[in-house]
Amino acid sequence: MAIINANRVVPLSGEDFRGQFERDVLAGLSASQKTLPCKYLYDETGSKLFEAICELDDYYLTRTEAKIFARSLQDMAVTLGDSVILIEPGAGNCEKAEPLLEAMDNPRAYFPLDISPEILLAAQHRIRHRLPDLEIVPVIGDFTSGDAWSRLPVSNARKVIFFPGSTIGNFAPEQARDLLERFAENLDSGDGLLLGADLVKDSVILERAYHDSNHITEAFNKNLLTRINSELNGDFNTDAFAHRAFYHSLRQRVEMHLVSLVEQHVSVSGRHFSFTEGETIHTENSHKYTLPGLQTLLRDTGFSPEKYWTDDKQHYAICYAHVR
Ligand SMILES: C[S@@+](CC[C@H](N)C(=O)[O-])C[C@H]1O[C@@H](n2cnc3c(N)ncnc32)[C@H](O)[C@@H]1O
């Protein structure tokens, strides 16, 4: 079957998105440990702040992953095979896919999927310019929902899901398994997954990455409150919250929180929420893996790990696995 929907954007309705955002925020702020899903950190401002984080010296992840790609891109391209459709959930600015697509042998198409339309559409124009013959279909939606996957153009070509940036780390172990199972369901036997994951390391290095000396991560975290204020009629005073990030060694994750500096009341979409002094909103987890842990996760979710690439210090790993 031929690929359909040549060079078009597959959108998500703004109404669907707003309704889901509101439900998630109200439910999260009503929980005993207040929480907000980290996917909402990426509005237009949040996506730009995340790009700035990736440039920071303290944020070793992007730099380390980039070094692994630079060193092993050809090997990865050969491992992925020829005439492949590359699907990238949470593609962001698509900057990692571009060189990979260039190195790949005759890629059939590229489907970047992201919840943030602005960054995706800007990237689409850039890639079109660099790879004019490649079919690109940006899909705007939530990669944790079946709906986004059902809007991907169908084809019987070989597919590889590209999931770099340690985005898998934002999911708790049970959710990570569900997500990889969802990936496997949307692939066929023999199709592939190229996955980037951050590895367990010294907590000082980890904490500096999420509490940088330039305070960009703080701005990124607090932007979520600003977004709620503007999109959900909220009245958060961002100065009354502080950014906190720490490594929880038992859970193998860096947790990011917003800490209420005073006792205060906040309203969102007409609902009222109280905060005691010191109470937190948990905004993000970044789970860290060991190589054996990563292999177990892949095996448990229908994949066979084939190959991995890592840096000299084993701070980060990129793994290729195929669907059994
Ligand atoms: C950590 S960034 C990674 C971006 C890029 N893949 C990279 O490696 O640099 C996460 C990206 O995933 C997107 N994202 C996060 N959660 C998402 C979700 N549930 N559905 C779709 N996109 C999501 C964000 O909008 C953001 O662009």
# chains A, B, ... in the order shown; residues from 1 in each chain; ligands from 1
>>> residues_around(residues="stretch 41-47 of chain A", least_positions_apart="2", cutoff="10 Å", atoms="only C-alpha atoms", output="PyMOL selection string")
chain A and resi 36-39+49-53+92-93+114-119+217+219-227+283-284
>>> write_last_selection(atoms="N, CA and C atoms", output="tab-separated table (two decimals), in the first residue's frame")
chain	number	residue	atom	x	y	z
A	36	LEU	N	1.60	18.10	37.98
A	36	LEU	CA	1.18	18.56	36.66
A	36	LEU	C	1.94	17.74	35.63
A	37	PRO	N	1.27	17.22	34.58
A	37	PRO	CA	1.97	16.39	33.61
A	37	PRO	C	3.04	17.19	32.86
A	38	CYS	N	4.23	16.59	32.74
A	38	CYS	CA	5.36	17.34	32.18
A	38	CYS	C	5.18	17.65	30.69
A	39	LYS	N	4.26	16.93	30.02
A	39	LYS	CA	4.10	17.22	28.59
A	39	LYS	C	3.62	18.67	28.37
A	49	LEU	N	12.62	27.53	25.74
A	49	LEU	CA	13.45	27.41	26.95
A	49	LEU	C	14.14	26.05	26.97
A	50	PHE	N	13.44	25.00	26.52
A	50	PHE	CA	14.08	23.68	26.51
A	50	PHE	C	15.25	23.68	25.53
A	51	GLU	N	15.11	24.36	24.39
A	51	GLU	CA	16.24	24.44	23.45
A	51	GLU	C	17.42	25.14	24.12
A	52	ALA	N	17.12	26.18	24.92
A	52	ALA	CA	18.21	26.89	25.63
A	52	ALA	C	18.86	25.98	26.68
A	53	ILE	N	18.05	25.14	27.34
A	53	ILE	CA	18.60	24.19	28.32
A	53	ILE	C	19.59	23.25	27.64
A	92	GLY	N	10.04	17.53	18.82
A	92	GLY	CA	10.56	18.86	19.15
A	92	GLY	C	11.04	19.56	17.91
A	93	ASN	N	12.29	20.07	17.93
A	93	ASN	CA	12.79	20.82	16.77
A	93	ASN	C	13.36	19.90	15.68
A	114	ASP	N	4.38	15.58	17.64
A	114	ASP	CA	4.64	16.37	18.85
A	114	ASP	C	3.36	17.07	19.28
A	115	ILE	N	3.30	17.34	20.58
A	115	ILE	CA	2.13	18.00	21.15
A	115	ILE	C	2.21	19.51	20.94
A	116	SER	N	3.41	20.00	20.63
A	116	SER	CA	3.62	21.45	20.49
A	116	SER	C	3.68	21.81	19.00
A	117	PRO	N	2.59	22.38	18.45
A	117	PRO	CA	2.55	22.60	17.00
A	117	PRO	C	3.59	23.60	16.50
A	118	GLU	N	3.86	24.64	17.29
A	118	GLU	CA	4.72	25.72	16.79
A	118	GLU	C	6.10	25.20	16.42
A	119	ILE	N	6.71	24.45	17.34
A	119	ILE	CA	8.08	23.99	17.12
A	119	ILE	C	8.13	23.00	15.96
A	217	THR	N	16.39	26.29	33.72
A	217	THR	CA	15.44	25.22	34.06
A	217	THR	C	14.37	25.76	35.01
A	219	ALA	N	13.19	28.80	34.91
A	219	ALA	CA	12.24	29.54	34.06
A	219	ALA	C	11.34	28.56	33.30
A	220	PHE	N	11.93	27.45	32.85
A	220	PHE	CA	11.19	26.40	32.12
A	220	PHE	C	10.09	25.82	33.02
A	221	ASN	N	10.45	25.52	34.26
A	221	ASN	CA	9.51	24.93	35.21
A	221	ASN	C	8.38	25.93	35.54
A	222	LYS	N	8.76	27.17	35.83
A	222	LYS	CA	7.76	28.18	36.22
A	222	LYS	C	6.87	28.59	35.05
A	223	ASN	N	7.39	28.40	33.81
A	223	ASN	CA	6.57	28.77	32.65
A	223	ASN	C	5.26	27.98	32.60
A	224	LEU	N	5.27	26.80	33.24
A	224	LEU	CA	4.05	25.99	33.28
A	224	LEU	C	2.94	26.76	34.01
A	225	LEU	N	3.31	27.48	35.07
A	225	LEU	CA	2.31	28.26	35.81
A	225	LEU	C	1.83	29.44	34.96
A	226	THR	N	2.78	30.07	34.25
A	226	THR	CA	2.41	31.19	33.38
A	226	THR	C	1.45	30.69	32.29
A	227	ARG	N	1.73	29.49	31.77
A	227	ARG	CA	0.86	28.93	30.73
A	227	ARG	C	-0.54	28.68	31.28
A	283	THR	N	6.36	18.41	38.99
A	283	THR	CA	6.15	18.75	37.57
A	283	THR	C	6.86	17.83	36.59
A	284	GLU	N	7.92	17.14	37.03
A	284	GLU	CA	8.60	16.27	36.05
A	284	GLU	C	9.43	15.22	36.77
>>> select_by_dssp(residues="stretch 187-270 of chain A", states="strand (DSSP E)", output="list in words")
Gly192, Leu193, Leu194, Leu195, Gly196, Ala197, Asp198, Phe241, Ala242, His243, Arg244, Ala245, Phe246, Tyr247, His248, Arg253, Val254, Glu255, Met256, His257, Leu258, Val259, Ser260, Gln264, His265, Val266, Ser267 and Val268 of chain A
>>> closest_residue(among="A:Ala240, A:Val154, A:Ala31, A:Ile161", to="ligand 1", atoms="only C-alpha atoms and all ligand atoms")
A:Ile161
>>> residues_around(residues="A:Leu86", least_positions_apart="3", cutoff="12 Å", atoms="only C-alpha atoms", output="NGL selection string")
:A and (77 or 80-83 or 89 or 91 or 94 or 96-98 or 100-102 or 104-113 or 134-138 or 152 or 155 or 157-163 or 187 or 191-194)
>>> closest_residue(among="A:Met256, A:Val323, A:Ala317, A:Leu297", to="A:Gln175", atoms="only C-alpha atoms")
A:Leu297
>>> atom_distance(atom1="atom CA of A:Ile127", atom2="atom 11 (C, counted along the ligand's line) of ligand 1")
17.2 Å
>>> residues_around(residues="A:Ser213", least_positions_apart="5", cutoff="12 Å", atoms="only C-alpha atoms", output="PyMOL selection string")
chain A and resi 53+56-59+207-208+218-219
>>> write_last_selection(atoms="N, CA and C atoms", output="tab-separated table (two decimals), in the first residue's frame")
chain	number	residue	atom	x	y	z
A	53	ILE	N	18.05	25.14	27.34
A	53	ILE	CA	18.60	24.19	28.32
A	53	ILE	C	19.59	23.25	27.64
A	56	LEU	N	23.12	24.37	27.51
A	56	LEU	CA	23.84	24.68	28.75
A	56	LEU	C	24.96	23.70	29.02
A	57	ASP	N	26.07	24.22	29.60
A	57	ASP	CA	27.17	23.33	30.01
A	57	ASP	C	26.68	22.31	31.04
A	58	ASP	N	25.82	22.78	31.95
A	58	ASP	CA	25.35	21.90	33.03
A	58	ASP	C	24.50	20.74	32.51
A	59	TYR	N	23.84	20.95	31.38
A	59	TYR	CA	22.92	19.92	30.85
A	59	TYR	C	23.73	19.00	29.91
A	207	GLU	N	22.01	16.46	39.44
A	207	GLU	CA	21.25	17.58	40.01
A	207	GLU	C	21.62	18.90	39.35
A	208	ARG	N	22.89	19.05	38.98
A	208	ARG	CA	23.31	20.28	38.30
A	208	ARG	C	22.60	20.43	36.95
A	218	GLU	N	14.78	26.68	35.86
A	218	GLU	CA	13.80	27.33	36.75
A	218	GLU	C	12.73	28.06	35.92
A	219	ALA	N	13.19	28.80	34.91
A	219	ALA	CA	12.24	29.54	34.06
A	219	ALA	C	11.34	28.56	33.30
>>> closest_residue(among="A:Ile318, A:Tyr289, A:His265, A:Val204", to="A:Gly234", atoms="only C-alpha atoms")
A:His265
>>> atom_distance(atom1="atom CA of A:Leu29", atom2="atom CA of A:Leu258")
12.2 Å
>>> select_by_dssp(residues="stretch 90-224 of chain A", states="helix (DSSP H, G or I)", output="compact mmCIF listing (two decimals) with C-alpha atoms, in the first residue's frame")
# COMPACT_ATOMS: atom_id res chain seq x y z
CA ALA A 97 16.48 13.37 12.93
CA GLU A 98 17.90 15.58 10.19
CA PRO A 99 21.47 14.20 10.12
CA LEU A 100 20.13 10.70 10.70
CA LEU A 101 17.79 10.96 7.71
CA GLU A 102 20.67 12.29 5.61
CA ALA A 103 22.85 9.35 6.60
CA PRO A 117 2.55 22.60 17.00
CA GLU A 118 4.72 25.72 16.79
CA ILE A 119 8.08 23.99 17.12
CA LEU A 120 7.04 21.16 14.81
CA LEU A 121 5.86 23.40 12.01
CA ALA A 122 9.01 25.56 12.15
CA ALA A 123 11.14 22.41 11.95
CA GLN A 124 9.13 21.06 9.04
CA HIS A 125 10.10 24.06 6.85
CA ARG A 126 13.78 23.68 7.76
CA ILE A 127 13.88 19.95 6.96
CA ARG A 128 12.00 20.42 3.69
CA HIS A 129 14.70 22.85 2.65
CA ARG A 130 17.52 20.44 3.58
CA GLY A 146 -3.98 5.98 20.57
CA ASP A 147 -5.60 8.88 18.73
CA ALA A 148 -2.25 10.40 17.66
CA TRP A 149 -1.03 7.05 16.36
CA SER A 150 -4.27 6.43 14.47
CA THR A 167 12.16 11.40 26.76
CA ILE A 168 11.56 7.81 27.97
CA GLY A 169 12.95 9.05 31.31
CA ASN A 170 9.87 11.24 31.81
CA PRO A 173 8.66 2.45 35.05
CA GLU A 174 5.07 1.20 34.62
CA GLN A 175 4.22 4.05 32.21
CA ALA A 176 7.45 3.48 30.27
CA ARG A 177 6.41 -0.14 29.75
CA ASP A 178 2.94 0.95 28.58
CA LEU A 179 4.51 3.45 26.19
CA LEU A 180 6.95 0.99 24.65
CA GLU A 181 4.12 -1.54 24.32
CA ARG A 182 2.16 1.15 22.46
CA PHE A 183 5.16 1.70 20.21
CA ALA A 184 5.40 -2.04 19.55
CA GLU A 185 1.65 -2.21 18.75
CA SER A 203 24.00 12.65 41.80
CA VAL A 204 25.98 15.92 41.71
CA ILE A 205 26.16 15.77 37.90
CA LEU A 206 22.48 14.84 37.72
CA GLU A 207 21.25 17.58 40.01
CA ARG A 208 23.31 20.28 38.30
CA ALA A 209 21.71 19.34 34.99
CA TYR A 210 18.22 20.05 36.35
CA ILE A 216 16.98 28.43 32.68
CA THR A 217 15.44 25.22 34.06
CA GLU A 218 13.80 27.33 36.75
CA ALA A 219 12.24 29.54 34.06
CA PHE A 220 11.19 26.40 32.12
CA ASN A 221 9.51 24.93 35.21
CA LYS A 222 7.76 28.18 36.22
CA ASN A 223 6.57 28.77 32.65
CA LEU A 224 4.05 25.99 33.28
>>> closest_residue(among="A:Thr79, A:Ser145, A:Gln74, A:Thr64", to="ligand 1", atoms="only C-alpha atoms and all ligand atoms")
A:Ser145
>>> atom_distance(atom1="atom CA of A:Ser269", atom2="atom CA of A:Leu232")
5.4 Å
>>> closest_residue(among="A:Leu61, A:Val200, A:Ile85, A:Leu261", to="ligand 1", atoms="only C-alpha atoms and all ligand atoms")
A:Leu61
>>> closest_residue(among="A:Tyr247, A:Phe241, A:Tyr308, A:Phe143", to="A:Ser72", atoms="only C-alpha atoms")
A:Tyr308
